[in-house]
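Below: the structure, in structure tokens.
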Amino acid sequence: MIGIKRVCGWLARVGPKPPAGKLERSFSLHKTHSVKNMENIFQLVRNVIPPLTTKKRKGQDGRIGIVGGCQDDSPNAVQEVDKWLPRIHTLVVGPGLGRDDALLQNAKGIIEKSKARGIPVVIDADGLWIIAEQPSIIQGYNKAILTPNYLEFSRLYETMLRTSVDSNDNHKCVLKLSQALGNLTVVQKGEKDIISDGEKVLVCSHEGSSRRCGGQGDLLSGSLGVLVHWAFLAGPEKTNGQNPFLVAAFGACSLTRQCNSQAFQKYRRSMTTTDMIAEVGMAFKKLFET
């Protein structure tokens with residue numbers, strides 16, 4: 001039910017390069033700011049990436065826990081996870097989880113134990129079903145980040161705001177949902193990824209492709225789990241005081257889109273998420289290293 005990914009640092013950090021994508025706009029709670037007033041978000045992502053070195057060992061740059069589906073469905077899974085949580089830096093909940101009642105209850109218990117330890121939690125896929133059914137599980141926990149697609153977002157929005165999403169103003173809706181959840185970071189996936197922490201809204205419009213294959217969200221949530229840890233570890237000096245969740249989310253969205261673009265150029269309509277995963281190394285290098 002839970003696995004750990006040990007991270008030794010994907011690739012080294014190098015000097016600045018104009019971003020391949022763009023940060024379109026940034027909104028505060030009260031007024032809109034021009035992108036000219038924002039730091040180069042790509043450079044902030046580069047800043048938090050730990051350098052590769054032969055002196056590091058496996059897991060030293062992060063241990064990411066993944067809570068997904070499991071055929072065993074252990075009745076004491078939550079207690080069993082206790083021995084893992086002290087070793088985990090970030091938890092990703094939802095990919096492949098399914099909606100079996102016992103699994104959902106186990107995932108809920110693991111989220112609550114992670115909150116008690118102050119572990120950042122990325123929630124995607126069926127993990128979002130849990131939150132829509134019982135928002136109090138995560139409401140107010142500002143170390144949580146949600147990654148809904150449009151339908152998942154709409155369900156969360158209607159649960160929290162008691163009204164339908166205004167499709168003419170997605171930026172405002174993402175901002176309002178984040179605020180309603182206690183200023184959690186929300187990433188609404190779509191044609192453009194809209195990211196908000198309840199104070200600012202970032203738009204990631206980095207070029208991807210028109211092919212949206214199943215499982216792409218798993219790549220986003222997994223890379224986000226890694227980047228969240230790196231951003232927290234780097235500290236406010238490296239993020240220039242920006243919310244580390246915003247920096248991490250923008251980096252993960254850009255990376256996923258770049259993988260999509262590269263894989264689509266090779267495989268077109270037959271592209272799968274497995275093809276995207278094979279592009280991670282080169283996509284990472286292109287965005288954050290050269």
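Ordering of the structure tokens sets the chain letters (A, B, ...), residue numbers begin anew at 1 in every chain, and ligands are numbered from 1 in the order given.
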**OP:** Please return as a PyMOL selection string: the residues of segment 12-239 of chain A that backbone DSSP assigns to helix (DSSP H, G or I).
**Re:** chain A and resi 35-37+41-48+77-81+85-87+101-117+126-133+135-137+150-161+170-180+216-234+236-239
**OP:** Show which residues sit within 8 Å of segment 132-147 of chain A, as a list in words. Count only C-alpha atoms, and ignore same-chain residues fewer than 3 positions away.
**Re:** Lys108, Ile111, Glu112, Lys115, Gly118, Ile119, Pro120, Val121, Val122, Ile123, Asp124, Ala125, Leu128, Trp129, Arg155, Leu156, Thr159, Met160, Leu181, Gly182, Asn183, Leu184, Thr185, Val186, Val187, Gln188, Lys189, Ser221 and Phe245 of chain A
**OP:** Show which residues sit within 12 Å of Met282 of chain A, as an NGL selection string. Count only C-alpha atoms, and ignore same-chain residues fewer than 3 positions away.
**Re:** :A and (10-11 or 255-256 or 258-263 or 276-279 or 285-290)
Output file for the residues above (N, CA and C atoms, as a PDB file, in the first residue's frame):
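So the final result, stored in again.pdb, reads:
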```pdb
ATOM      1  N   TRP A  10      18.127  14.250  -9.116  1.00  0.00           N
ATOM      2  CA  TRP A  10      18.001  13.835 -10.513  1.00  0.00           C
ATOM      3  C   TRP A  10      19.211  14.272 -11.313  1.00  0.00           C
ATOM      4  N   LEU A  11      19.428  15.583 -11.358  1.00  0.00           N
ATOM      5  CA  LEU A  11      20.532  16.110 -12.141  1.00  0.00           C
ATOM      6  C   LEU A  11      21.058  17.369 -11.455  1.00  0.00           C
ATOM      7  N   LEU A 255       7.828  20.377 -15.983  1.00  0.00           N
ATOM      8  CA  LEU A 255       8.528  19.136 -16.317  1.00  0.00           C
ATOM      9  C   LEU A 255       7.577  18.143 -16.982  1.00  0.00           C
ATOM     10  N   THR A 256       6.387  17.990 -16.438  1.00  0.00           N
ATOM     11  CA  THR A 256       5.410  17.056 -17.006  1.00  0.00           C
ATOM     12  C   THR A 256       5.030  17.463 -18.426  1.00  0.00           C
ATOM     13  N   GLN A 258       6.855  19.249 -20.496  1.00  0.00           N
ATOM     14  CA  GLN A 258       7.997  19.053 -21.372  1.00  0.00           C
ATOM     15  C   GLN A 258       8.138  17.578 -21.771  1.00  0.00           C
ATOM     16  N   CYS A 259       7.926  16.681 -20.804  1.00  0.00           N
ATOM     17  CA  CYS A 259       7.944  15.245 -21.110  1.00  0.00           C
ATOM     18  C   CYS A 259       6.861  14.898 -22.123  1.00  0.00           C
ATOM     19  N   ASN A 260       5.693  15.489 -21.961  1.00  0.00           N
ATOM     20  CA  ASN A 260       4.585  15.250 -22.878  1.00  0.00           C
ATOM     21  C   ASN A 260       4.948  15.710 -24.285  1.00  0.00           C
ATOM     22  N   SER A 261       5.532  16.893 -24.379  1.00  0.00           N
ATOM     23  CA  SER A 261       5.898  17.439 -25.675  1.00  0.00           C
ATOM     24  C   SER A 261       6.924  16.564 -26.383  1.00  0.00           C
ATOM     25  N   GLN A 262       7.951  16.153 -25.658  1.00  0.00           N
ATOM     26  CA  GLN A 262       9.017  15.350 -26.256  1.00  0.00           C
ATOM     27  C   GLN A 262       8.513  13.979 -26.695  1.00  0.00           C
ATOM     28  N   ALA A 263       7.693  13.352 -25.864  1.00  0.00           N
ATOM     29  CA  ALA A 263       7.169  12.026 -26.207  1.00  0.00           C
ATOM     30  C   ALA A 263       6.208  12.109 -27.395  1.00  0.00           C
ATOM     31  N   MET A 276       6.405   9.030 -21.801  1.00  0.00           N
ATOM     32  CA  MET A 276       6.743  10.302 -21.145  1.00  0.00           C
ATOM     33  C   MET A 276       7.796  10.098 -20.068  1.00  0.00           C
ATOM     34  N   ILE A 277       7.670   9.015 -19.314  1.00  0.00           N
ATOM     35  CA  ILE A 277       8.630   8.748 -18.248  1.00  0.00           C
ATOM     36  C   ILE A 277      10.039   8.603 -18.811  1.00  0.00           C
ATOM     37  N   ALA A 278      10.133   7.986 -19.998  1.00  0.00           N
ATOM     38  CA  ALA A 278      11.441   7.815 -20.633  1.00  0.00           C
ATOM     39  C   ALA A 278      12.079   9.156 -21.000  1.00  0.00           C
ATOM     40  N   GLU A 279      11.280  10.209 -21.043  1.00  0.00           N
ATOM     41  CA  GLU A 279      11.779  11.535 -21.418  1.00  0.00           C
ATOM     42  C   GLU A 279      12.176  12.390 -20.216  1.00  0.00           C
ATOM     43  N   LYS A 285      16.863  18.094 -17.936  1.00  0.00           N
ATOM     44  CA  LYS A 285      18.087  18.783 -18.358  1.00  0.00           C
ATOM     45  C   LYS A 285      17.773  20.029 -19.172  1.00  0.00           C
ATOM     46  N   LYS A 286      16.839  19.904 -20.092  1.00  0.00           N
ATOM     47  CA  LYS A 286      16.496  21.041 -20.951  1.00  0.00           C
ATOM     48  C   LYS A 286      15.923  22.212 -20.164  1.00  0.00           C
ATOM     49  N   LEU A 287      15.056  21.904 -19.203  1.00  0.00           N
ATOM     50  CA  LEU A 287      14.399  22.973 -18.442  1.00  0.00           C
ATOM     51  C   LEU A 287      15.284  23.580 -17.370  1.00  0.00           C
ATOM     52  N   PHE A 288      16.022  22.752 -16.673  1.00  0.00           N
ATOM     53  CA  PHE A 288      16.655  23.207 -15.439  1.00  0.00           C
ATOM     54  C   PHE A 288      18.177  23.148 -15.404  1.00  0.00           C
ATOM     55  N   GLU A 289      18.792  22.671 -16.507  1.00  0.00           N
ATOM     56  CA  GLU A 289      20.246  22.508 -16.453  1.00  0.00           C
ATOM     57  C   GLU A 289      21.024  23.215 -17.546  1.00  0.00           C
ATOM     58  N   THR A 290      20.407  23.479 -18.689  1.00  0.00           N
ATOM     59  CA  THR A 290      21.188  24.035 -19.803  1.00  0.00           C
ATOM     60  C   THR A 290      20.771  25.457 -20.138  1.00  0.00           C
TER      61      THR A 290
END
```
Subject >> Nearest candidate to Asp82 of chain A (options A:Ala180, A:Ile110, A:Ile66, A:Ile130; using only C-alpha atoms) >> reply: A:Ile110
**OP:** Provide the atom CA of Arg257 of chain A to atom CA of Glu207 of chain A distance in Å, to one decimal place.
**Re:** 6.3 Å
